[in-house]
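Participant: What follows is structure_3.pdb; its format and atoms are PDB, C-alpha atoms.
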```
ATOM      1  CA  MET A   1      48.379   3.366  11.756
ATOM      2  CA  LYS A   2      45.517   1.073  12.632
ATOM      3  CA  ILE A   3      42.068   2.082  11.398
ATOM      4  CA  SER A   4      38.875   0.524  12.745
ATOM      5  CA  VAL A   5      35.748   0.437  10.619
ATOM      6  CA  ILE A   6      32.270  -0.849  11.279
ATOM      7  CA  ILE A   7      29.872  -1.763   8.506
ATOM      8  CA  THR A   8      26.166  -1.974   9.215
ATOM      9  CA  LEU A   9      23.109  -2.705   7.109
ATOM     10  CA  LYS A  10      21.151   0.384   6.139
ATOM     11  CA  LYS A  11      18.036   1.040   8.206
ATOM     12  CA  ASP A  12      15.475  -0.119   5.644
ATOM     13  CA  VAL A  13      17.324  -3.348   4.789
ATOM     14  CA  LEU A  14      15.933  -6.475   6.406
ATOM     15  CA  ASP A  15      18.405  -8.096   8.808
ATOM     16  CA  PRO A  16      17.070 -11.619   9.422
ATOM     17  CA  GLN A  17      20.147 -12.616  11.441
ATOM     18  CA  GLY A  18      19.664  -9.659  13.755
ATOM     19  CA  LYS A  19      16.011 -10.648  14.149
ATOM     20  CA  VAL A  20      16.864 -14.218  15.120
ATOM     21  CA  ILE A  21      19.491 -12.999  17.608
ATOM     22  CA  HIS A  22      16.860 -10.657  19.050
ATOM     23  CA  GLN A  23      14.369 -13.513  19.449
ATOM     24  CA  THR A  24      17.011 -15.716  21.055
ATOM     25  CA  LEU A  25      17.983 -12.996  23.527
ATOM     26  CA  ASP A  26      14.280 -12.558  24.354
ATOM     27  CA  GLY A  27      14.019 -16.305  24.887
ATOM     28  CA  MET A  28      17.029 -16.234  27.229
ATOM     29  CA  GLY A  29      15.211 -13.753  29.408
ATOM     30  CA  PHE A  30      16.942 -10.501  28.428
ATOM     31  CA  GLU A  31      14.200  -7.926  28.693
ATOM     32  CA  GLY A  32      13.534  -4.624  27.007
ATOM     33  CA  ILE A  33      15.393  -5.146  23.729
ATOM     34  CA  ASN A  34      13.904  -2.997  20.965
ATOM     35  CA  GLU A  35      15.989  -4.240  18.047
ATOM     36  CA  VAL A  36      19.232  -6.067  17.201
ATOM     37  CA  ARG A  37      21.171  -5.262  14.023
ATOM     38  CA  GLN A  38      24.220  -7.286  13.075
ATOM     39  CA  GLY A  39      27.244  -5.721  11.393
ATOM     40  CA  LYS A  40      30.913  -6.252  10.527
ATOM     41  CA  TYR A  41      34.065  -4.883  12.112
ATOM     42  CA  PHE A  42      37.444  -4.470  10.402
ATOM     43  CA  GLU A  43      40.870  -3.467  11.705
ATOM     44  CA  ILE A  44      43.173  -2.312   8.946
ATOM     45  CA  ASP A  45      46.830  -1.828   9.814
ATOM     46  CA  THR A  46      48.581   0.366   7.242
ATOM     47  CA  ASN A  47      52.064   1.877   6.884
ATOM     48  CA  GLU A  48      50.510   5.309   6.520
ATOM     49  CA  SER A  49      51.368   7.482   9.540
ATOM     50  CA  ASP A  50      49.231  10.486   8.593
ATOM     51  CA  LYS A  51      45.803   9.993  10.165
ATOM     52  CA  LYS A  52      43.881  11.921   7.523
ATOM     53  CA  LYS A  53      45.541  10.096   4.636
ATOM     54  CA  ALA A  54      45.095   6.715   6.290
ATOM     55  CA  GLU A  55      41.405   7.368   6.860
ATOM     56  CA  GLU A  56      40.938   8.531   3.288
ATOM     57  CA  LYS A  57      42.538   5.332   2.050
ATOM     58  CA  VAL A  58      40.279   3.192   4.221
ATOM     59  CA  GLU A  59      37.263   5.174   3.078
ATOM     60  CA  GLU A  60      38.143   4.311  -0.503
ATOM     61  CA  MET A  61      38.566   0.640   0.468
ATOM     62  CA  CYS A  62      35.111   0.691   2.035
ATOM     63  CA  LYS A  63      33.521   2.201  -1.049
ATOM     64  CA  LYS A  64      35.273  -0.167  -3.456
ATOM     65  CA  LEU A  65      35.220  -3.463  -1.576
ATOM     66  CA  LEU A  66      34.484  -3.645   2.135
ATOM     67  CA  ALA A  67      30.942  -2.273   1.977
ATOM     68  CA  ASN A  68      28.220  -2.628  -0.613
ATOM     69  CA  LEU A  69      26.677   0.816  -0.564
ATOM     70  CA  VAL A  70      23.357  -0.440  -1.923
ATOM     71  CA  ILE A  71      22.678  -2.078   1.436
ATOM     72  CA  GLU A  72      25.420  -1.055   3.839
ATOM     73  CA  ASP A  73      26.838   2.017   5.566
ATOM     74  CA  PHE A  74      30.370   2.263   6.894
ATOM     75  CA  LYS A  75      31.838   4.321   9.690
ATOM     76  CA  ILE A  76      35.455   4.783  10.706
ATOM     77  CA  ILE A  77      35.329   4.518  14.473
ATOM     78  CA  GLY A  78      38.944   4.837  15.465
ATOM     79  CA  SER A  79      42.491   5.487  14.265
ATOM     80  CA  GLN A  80      45.576   4.813  16.337
TER      81      GLN A  80
ATOM     82  CA  MET B   1      29.511 -20.132 -31.489
ATOM     83  CA  HIS B   2      32.302 -19.679 -28.954
ATOM     84  CA  SER B   3      31.679 -19.481 -25.237
ATOM     85  CA  SER B   4      33.899 -19.044 -22.193
ATOM     86  CA  VAL B   5      33.190 -20.202 -18.663
ATOM     87  CA  ILE B   6      35.216 -18.470 -15.957
ATOM     88  CA  THR B   7      36.432 -20.620 -13.095
ATOM     89  CA  PHE B   8      37.039 -18.839  -9.812
ATOM     90  CA  PRO B   9      38.484 -20.547  -6.740
ATOM     91  CA  GLY B  10      35.370 -22.123  -5.235
ATOM     92  CA  SER B  11      33.285 -22.284  -8.432
ATOM     93  CA  ASN B  12      31.561 -25.666  -8.557
ATOM     94  CA  CYS B  13      29.072 -25.446 -11.439
ATOM     95  CA  ASP B  14      31.691 -24.533 -14.026
ATOM     96  CA  ARG B  15      32.039 -28.062 -15.398
ATOM     97  CA  ASP B  16      28.267 -28.599 -15.475
ATOM     98  CA  MET B  17      27.995 -25.409 -17.511
ATOM     99  CA  ASP B  18      30.792 -26.633 -19.812
ATOM    100  CA  VAL B  19      28.882 -29.887 -20.409
ATOM    101  CA  ALA B  20      25.629 -28.020 -21.069
ATOM    102  CA  LEU B  21      27.142 -25.499 -23.480
ATOM    103  CA  LYS B  22      28.965 -28.201 -25.454
ATOM    104  CA  LYS B  23      25.870 -30.406 -25.590
ATOM    105  CA  PHE B  24      24.000 -27.688 -27.444
ATOM    106  CA  GLY B  25      26.784 -26.778 -29.842
ATOM    107  CA  PHE B  26      28.956 -24.131 -28.220
ATOM    108  CA  LYS B  27      32.731 -24.439 -28.590
ATOM    109  CA  ASN B  28      33.463 -23.775 -24.960
ATOM    110  CA  LYS B  29      36.714 -22.811 -23.250
ATOM    111  CA  MET B  30      37.367 -22.797 -19.529
ATOM    112  CA  VAL B  31      39.077 -19.600 -18.391
ATOM    113  CA  TRP B  32      40.954 -19.263 -15.091
ATOM    114  CA  HIS B  33      40.160 -16.214 -12.924
ATOM    115  CA  ASP B  34      43.818 -15.198 -12.843
ATOM    116  CA  ASP B  35      44.046 -14.969 -16.646
ATOM    117  CA  VAL B  36      44.076 -11.516 -18.156
ATOM    118  CA  GLU B  37      42.637 -12.063 -21.630
ATOM    119  CA  LEU B  38      39.315 -13.572 -22.606
ATOM    120  CA  PRO B  39      39.435 -15.946 -25.570
ATOM    121  CA  LYS B  40      37.260 -15.027 -28.553
ATOM    122  CA  SER B  41      33.723 -15.417 -27.199
ATOM    123  CA  ASP B  42      30.139 -14.896 -28.264
ATOM    124  CA  LEU B  43      29.033 -15.654 -24.717
ATOM    125  CA  VAL B  44      30.821 -15.436 -21.368
ATOM    126  CA  VAL B  45      29.372 -17.369 -18.445
ATOM    127  CA  LEU B  46      30.079 -16.762 -14.768
ATOM    128  CA  PRO B  47      29.090 -20.078 -13.182
ATOM    129  CA  GLY B  48      27.576 -20.985  -9.847
ATOM    130  CA  GLY B  49      29.473 -21.998  -6.757
ATOM    131  CA  PHE B  50      31.040 -20.409  -3.731
ATOM    132  CA  SER B  51      33.813 -18.245  -5.134
ATOM    133  CA  TYR B  52      36.349 -17.307  -2.455
ATOM    134  CA  GLY B  53      34.264 -19.190   0.092
ATOM    135  CA  ASP B  54      31.623 -16.440  -0.014
ATOM    136  CA  TYR B  55      33.991 -14.348   2.146
ATOM    137  CA  LEU B  56      32.963 -10.749   2.916
ATOM    138  CA  ARG B  57      29.884 -10.856   0.646
ATOM    139  CA  CYS B  58      29.036 -13.492  -1.968
ATOM    140  CA  GLY B  59      30.777 -12.629  -5.218
ATOM    141  CA  SER B  60      32.597  -9.578  -3.841
ATOM    142  CA  MET B  61      36.127 -10.989  -4.126
ATOM    143  CA  ALA B  62      35.532 -12.658  -7.483
ATOM    144  CA  SER B  63      34.186  -9.387  -8.901
ATOM    145  CA  LYS B  64      37.653  -7.868  -8.373
ATOM    146  CA  SER B  65      39.673 -10.745  -9.865
ATOM    147  CA  LYS B  66      42.034 -10.234 -12.818
ATOM    148  CA  ILE B  67      39.832 -11.694 -15.560
ATOM    149  CA  MET B  68      36.910  -9.477 -14.553
ATOM    150  CA  LYS B  69      38.575  -6.436 -16.170
ATOM    151  CA  SER B  70      38.293  -8.207 -19.533
ATOM    152  CA  VAL B  71      34.756  -9.383 -18.715
ATOM    153  CA  LEU B  72      33.781  -5.795 -17.853
ATOM    154  CA  ASN B  73      35.222  -4.488 -21.125
ATOM    155  CA  PHE B  74      33.522  -7.283 -23.062
ATOM    156  CA  ALA B  75      30.154  -6.605 -21.385
ATOM    157  CA  GLN B  76      30.378  -2.846 -21.731
ATOM    158  CA  GLY B  77      31.093  -3.317 -25.435
ATOM    159  CA  GLY B  78      27.802  -5.185 -25.810
ATOM    160  CA  GLY B  79      29.151  -8.749 -25.349
ATOM    161  CA  LYS B  80      26.743 -11.339 -23.948
ATOM    162  CA  VAL B  81      27.503 -12.184 -20.321
ATOM    163  CA  MET B  82      25.401 -14.578 -18.297
ATOM    164  CA  GLY B  83      25.821 -15.142 -14.559
ATOM    165  CA  ILE B  84      24.158 -18.078 -12.859
ATOM    166  CA  CYS B  85      23.687 -18.159  -9.079
ATOM    167  CA  ASN B  86      27.097 -17.123  -7.694
ATOM    168  CA  GLY B  87      27.724 -15.697 -11.173
ATOM    169  CA  PHE B  88      24.674 -13.436 -10.668
ATOM    170  CA  GLN B  89      26.107 -12.367  -7.305
ATOM    171  CA  ILE B  90      29.436 -11.564  -9.022
ATOM    172  CA  LEU B  91      27.613  -9.481 -11.666
ATOM    173  CA  VAL B  92      25.841  -7.325  -9.076
ATOM    174  CA  GLU B  93      29.045  -6.931  -7.036
ATOM    175  CA  SER B  94      30.929  -5.850 -10.163
ATOM    176  CA  GLY B  95      28.304  -3.208 -10.870
ATOM    177  CA  LEU B  96      27.311  -4.723 -14.235
ATOM    178  CA  LEU B  97      23.823  -5.357 -12.847
ATOM    179  CA  PRO B  98      21.968  -3.224 -10.292
ATOM    180  CA  GLY B  99      21.055  -4.341  -6.770
ATOM    181  CA  VAL B 100      22.353  -7.022  -4.472
ATOM    182  CA  LEU B 101      21.527 -10.565  -3.331
ATOM    183  CA  LEU B 102      20.843 -10.796   0.379
ATOM    184  CA  ARG B 103      20.591 -13.774   2.678
ATOM    185  CA  ASN B 104      17.386 -15.773   2.051
ATOM    186  CA  LYS B 105      14.490 -14.400   4.050
ATOM    187  CA  TYR B 106      14.080 -17.462   6.290
ATOM    188  CA  LEU B 107      17.837 -17.994   6.701
ATOM    189  CA  GLU B 108      17.767 -21.410   5.066
ATOM    190  CA  PHE B 109      19.921 -22.746   2.272
ATOM    191  CA  ILE B 110      17.335 -23.607  -0.392
ATOM    192  CA  CYS B 111      17.956 -26.517  -2.738
ATOM    193  CA  LYS B 112      14.916 -27.492  -4.809
ATOM    194  CA  ASN B 113      13.169 -27.245  -8.154
ATOM    195  CA  VAL B 114      11.134 -24.103  -8.696
ATOM    196  CA  PHE B 115       9.114 -22.578 -11.495
ATOM    197  CA  VAL B 116      10.195 -19.335 -13.065
ATOM    198  CA  LYS B 117       8.350 -17.227 -15.574
ATOM    199  CA  ALA B 118      10.025 -15.237 -18.334
ATOM    200  CA  ASN B 119       9.021 -11.601 -18.142
ATOM    201  CA  ASN B 120      10.828 -10.048 -21.070
ATOM    202  CA  LYS B 121      11.532 -12.157 -24.165
ATOM    203  CA  ASN B 122      12.633  -9.323 -26.377
ATOM    204  CA  ASN B 123      16.343 -10.181 -26.020
ATOM    205  CA  SER B 124      18.963 -12.722 -27.127
ATOM    206  CA  TYR B 125      18.412 -14.979 -24.149
ATOM    207  CA  PHE B 126      14.678 -15.688 -24.414
ATOM    208  CA  LYS B 127      13.586 -14.502 -27.867
ATOM    209  CA  ASP B 128      11.438 -17.097 -29.683
ATOM    210  CA  ASP B 129      11.638 -19.505 -26.760
ATOM    211  CA  LYS B 130       8.674 -21.840 -26.949
ATOM    212  CA  LYS B 131       8.337 -21.835 -23.174
ATOM    213  CA  ASP B 132       7.270 -19.062 -20.820
ATOM    214  CA  ILE B 133       7.399 -21.037 -17.606
ATOM    215  CA  TYR B 134      10.447 -23.148 -16.825
ATOM    216  CA  LYS B 135      11.135 -25.697 -14.164
ATOM    217  CA  PHE B 136      14.659 -24.918 -12.988
ATOM    218  CA  HIS B 137      16.737 -25.855  -9.983
ATOM    219  CA  ILE B 138      17.856 -23.393  -7.327
ATOM    220  CA  ALA B 139      20.524 -23.955  -4.695
ATOM    221  CA  HIS B 140      21.518 -20.895  -2.727
ATOM    222  CA  ASN B 141      21.763 -19.198   0.618
ATOM    223  CA  GLU B 142      21.868 -15.626  -0.711
ATOM    224  CA  GLY B 143      19.276 -15.271  -3.458
ATOM    225  CA  ASN B 144      17.039 -12.647  -1.938
ATOM    226  CA  TYR B 145      17.179  -9.901  -4.559
ATOM    227  CA  PHE B 146      17.120  -6.377  -3.181
ATOM    228  CA  CYS B 147      17.740  -2.881  -4.495
ATOM    229  CA  SER B 148      16.852   0.708  -3.702
ATOM    230  CA  LYS B 149      13.457   2.236  -4.562
ATOM    231  CA  GLU B 150      15.065   4.321  -7.299
ATOM    232  CA  GLN B 151      16.762   1.235  -8.748
ATOM    233  CA  ILE B 152      13.595  -0.900  -8.819
ATOM    234  CA  LYS B 153      11.746   1.905 -10.557
ATOM    235  CA  GLU B 154      14.470   2.094 -13.189
ATOM    236  CA  ILE B 155      14.495  -1.717 -13.551
ATOM    237  CA  ASN B 156      10.739  -1.769 -14.178
ATOM    238  CA  ASP B 157      10.795   1.304 -16.426
ATOM    239  CA  ASN B 158      13.414  -0.374 -18.633
ATOM    240  CA  ASN B 159      11.757  -3.792 -18.516
ATOM    241  CA  GLN B 160      14.898  -5.321 -16.982
ATOM    242  CA  ILE B 161      13.280  -8.159 -15.038
ATOM    243  CA  ALA B 162      14.155 -11.389 -16.851
ATOM    244  CA  LEU B 163      12.535 -14.016 -14.640
ATOM    245  CA  PHE B 164      10.030 -14.095 -11.808
ATOM    246  CA  TYR B 165       9.593 -16.935  -9.329
ATOM    247  CA  SER B 166       6.112 -18.270 -10.046
ATOM    248  CA  ASP B 167       3.952 -21.335  -9.609
ATOM    249  CA  GLU B 168       3.613 -23.897 -12.403
ATOM    250  CA  ASN B 169       0.792 -21.891 -13.956
ATOM    251  CA  GLY B 170       2.833 -18.727 -14.029
ATOM    252  CA  ASN B 171       1.186 -16.982 -11.083
ATOM    253  CA  VAL B 172       3.668 -14.662  -9.445
ATOM    254  CA  ASN B 173       2.812 -14.372  -5.761
ATOM    255  CA  GLU B 174       4.212 -14.620  -2.270
ATOM    256  CA  GLN B 175       3.670 -18.381  -2.080
ATOM    257  CA  SER B 176       5.875 -18.891  -5.121
ATOM    258  CA  ASN B 177       8.660 -16.688  -3.758
ATOM    259  CA  PRO B 178      11.217 -19.049  -2.193
ATOM    260  CA  ASN B 179      13.657 -16.547  -0.729
ATOM    261  CA  GLY B 180      11.957 -13.197  -0.160
ATOM    262  CA  SER B 181      13.195 -11.605  -3.393
ATOM    263  CA  LEU B 182      11.870  -8.155  -4.160
ATOM    264  CA  GLN B 183       8.918  -8.489  -6.580
ATOM    265  CA  ASN B 184       9.708 -12.242  -6.921
ATOM    266  CA  ILE B 185      12.768 -11.426  -9.013
ATOM    267  CA  ALA B 186      14.742 -14.525 -10.042
ATOM    268  CA  GLY B 187      16.814 -12.861 -12.754
ATOM    269  CA  ILE B 188      17.484  -9.451 -14.266
ATOM    270  CA  PHE B 189      19.115  -7.855 -17.312
ATOM    271  CA  ASN B 190      21.160  -4.706 -17.620
ATOM    272  CA  LYS B 191      19.494  -1.868 -19.520
ATOM    273  CA  GLN B 192      20.866  -3.020 -22.886
ATOM    274  CA  LYS B 193      19.790  -6.669 -22.207
ATOM    275  CA  ASN B 194      23.186  -8.126 -23.147
ATOM    276  CA  ILE B 195      23.919  -9.092 -19.525
ATOM    277  CA  LEU B 196      21.729 -11.604 -17.701
ATOM    278  CA  GLY B 197      21.999 -12.663 -14.078
ATOM    279  CA  MET B 198      19.756 -15.315 -12.570
ATOM    280  CA  MET B 199      19.689 -17.518  -9.488
ATOM    281  CA  PRO B 200      18.211 -20.684 -11.123
ATOM    282  CA  HIS B 201      20.494 -23.220 -12.817
ATOM    283  CA  PRO B 202      19.375 -24.085 -16.384
ATOM    284  CA  GLU B 203      22.516 -26.259 -16.741
ATOM    285  CA  ARG B 204      21.028 -28.707 -14.226
ATOM    286  CA  MET B 205      18.000 -29.348 -16.450
ATOM    287  CA  ILE B 206      19.516 -30.795 -19.594
ATOM    288  CA  ASP B 207      19.138 -34.526 -19.157
ATOM    289  CA  PRO B 208      15.782 -36.264 -19.645
ATOM    290  CA  ALA B 209      16.940 -39.161 -17.463
ATOM    291  CA  LEU B 210      18.037 -37.045 -14.502
ATOM    292  CA  SER B 211      16.041 -33.843 -14.610
ATOM    293  CA  GLY B 212      13.581 -32.084 -16.815
ATOM    294  CA  GLU B 213      14.620 -30.641 -20.135
ATOM    295  CA  ASP B 214      13.648 -27.040 -19.580
ATOM    296  CA  GLY B 215      17.360 -26.202 -19.518
ATOM    297  CA  SER B 216      17.794 -27.924 -22.888
ATOM    298  CA  ILE B 217      15.069 -25.721 -24.335
ATOM    299  CA  PHE B 218      16.776 -22.646 -22.903
ATOM    300  CA  PHE B 219      20.255 -23.509 -24.274
ATOM    301  CA  GLU B 220      19.006 -24.652 -27.699
ATOM    302  CA  ASN B 221      17.129 -21.416 -28.102
ATOM    303  CA  LEU B 222      20.057 -19.351 -26.812
ATOM    304  CA  ILE B 223      22.544 -20.729 -29.328
ATOM    305  CA  ASN B 224      20.026 -20.202 -32.162
ATOM    306  CA  ASN B 225      19.561 -16.603 -31.085
ATOM    307  CA  LEU B 226      23.292 -15.954 -30.953
ATOM    308  CA  LYS B 227      23.999 -17.412 -34.431
TER     309      LYS B 227
END
```
Would you write the structure of this file as structure tokens?
Facilitator:
Amino acid sequence: MKISVIITLKKDVLDPQGKVIHQTLDGMGFEGINEVRQGKYFEIDTNESDKKKAEEKVEEMCKKLLANLVIEDFKIIGSQ
Amino acid sequence: MHSSVITFPGSNCDRDMDVALKKFGFKNKMVWHDDVELPKSDLVVLPGGFSYGDYLRCGSMASKSKIMKSVLNFAQGGGKVMGICNGFQILVESGLLPGVLLRNKYLEFICKNVFVKANNKNNSYFKDDKKDIYKFHIAHNEGNYFCSKEQIKEINDNNQIALFYSDENGNVNEQSNPNGSLQNIAGIFNKQKNILGMMPHPERMIDPALSGEDGSIFFENLINNLK
């Protein structure tokens, strides 16, 4: 089963990369952008065939390594 | 006094630290990250560098390496552990120190001499040090210290801030903050003050011909305190 996870910075954490991307998009003429936040995306392919178990495993991976919960949130966005 | 410097894949200040520790009287051993046991140590140092290429988050991979189990046990038993630069990042990722080191505020790799001011000298690292303000070198891309509101309150309540970025007169202000660190934090302790993490490199300031000697003062004092 393949699990997809996104990791984003928490709302009150400064994201200077997102800010620079925002400014660049503004400079390129894209209008009406309120904010850009940059994050990370992971695809984890496991042998586990049970969706619930696979997601639980990935959740544990996020808490222990993939995300730093002081500054980041994670969200499992798909399992297939 | 026995010290150990851990080398991770991508560490690049490990040999500088070895030279510095030996110069001031430590019997130092280099320890590979894949080793399981720490040699007998009065001080364990996690050196600067780019462990695991800074993949995922700086220090995150190194904090899970084999030797870190022994380092964790050593630290939790009151052993002295000092992390410099990437070593500081490894300490926060391992949970031995609170908070995290974010990308520098202005997205630049900073490599320059700065002044730092000791905040709490009631510990083995700074006790009786004749200096309060040191000229140290910094070289990092992720040195912007950050933590939650609850954590910073706890850090201040327990007097855990070790060093502030300051000017040469010891003024701690926005102009003397090179990377956007919360409250100008350059280094912190754990609650018990046996673990120290800091971004500046004292090991780069031990040669009167090449640098200043503020690092020499730091190491001389440290070994005296540990005796």
Participant: Pull out every residue of chain B that has at least one atom within 9 Å of chain A, counting all atoms listed in the file, and report them as a PyMOL selection string.
Facilitator: chain B and resi 56-57+60-61+64+93+98-100+102-107+146-148
Participant: Just checking: using only C-alpha atoms, which residue out of B:Glu203, B:Asn169, B:Asn123, B:Gln175 ends up closest to His137 in chain B?
Facilitator: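 Checking each of B:Glu203, B:Asn169, B:Asn123, B:Gln175 against His137 in chain B, counting only C-alpha atoms, the winner is B:Glu203.
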Participant: Between A:Asn47, A:Asp73, A:Lys19, A:Tyr41, which residue has the minimum interatomic distance to Ser4 in chain A, considering all atoms listed in the file?
Facilitator: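 Smallest distance to Ser4 in chain A is found for A:Tyr41.
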Participant: Would you mind reading off the distance between CA of Gly197 in chain B and CA of Asn113 in chain B, one decimal, in Å?
Facilitator: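 CA of Gly197 in chain B sits 18.0 Å away from CA of Asn113 in chain B.
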Participant: Could you tell me which residues the PyMOL selection byres ((chain B and resi 182) around 8) returns for this structure, as an MDAnalysis selection string?
Facilitator: chainID B and resid 144:147 180:181 183:185
Participant: Where does the PyMOL selection byres ((chain B and resi 82) around 9) land in this file, that is, which residues does it pick, as an NGL selection string?
Facilitator: :B and (43-47 or 80-81 or 83-84 or 87-88 or 91 or 194-198)
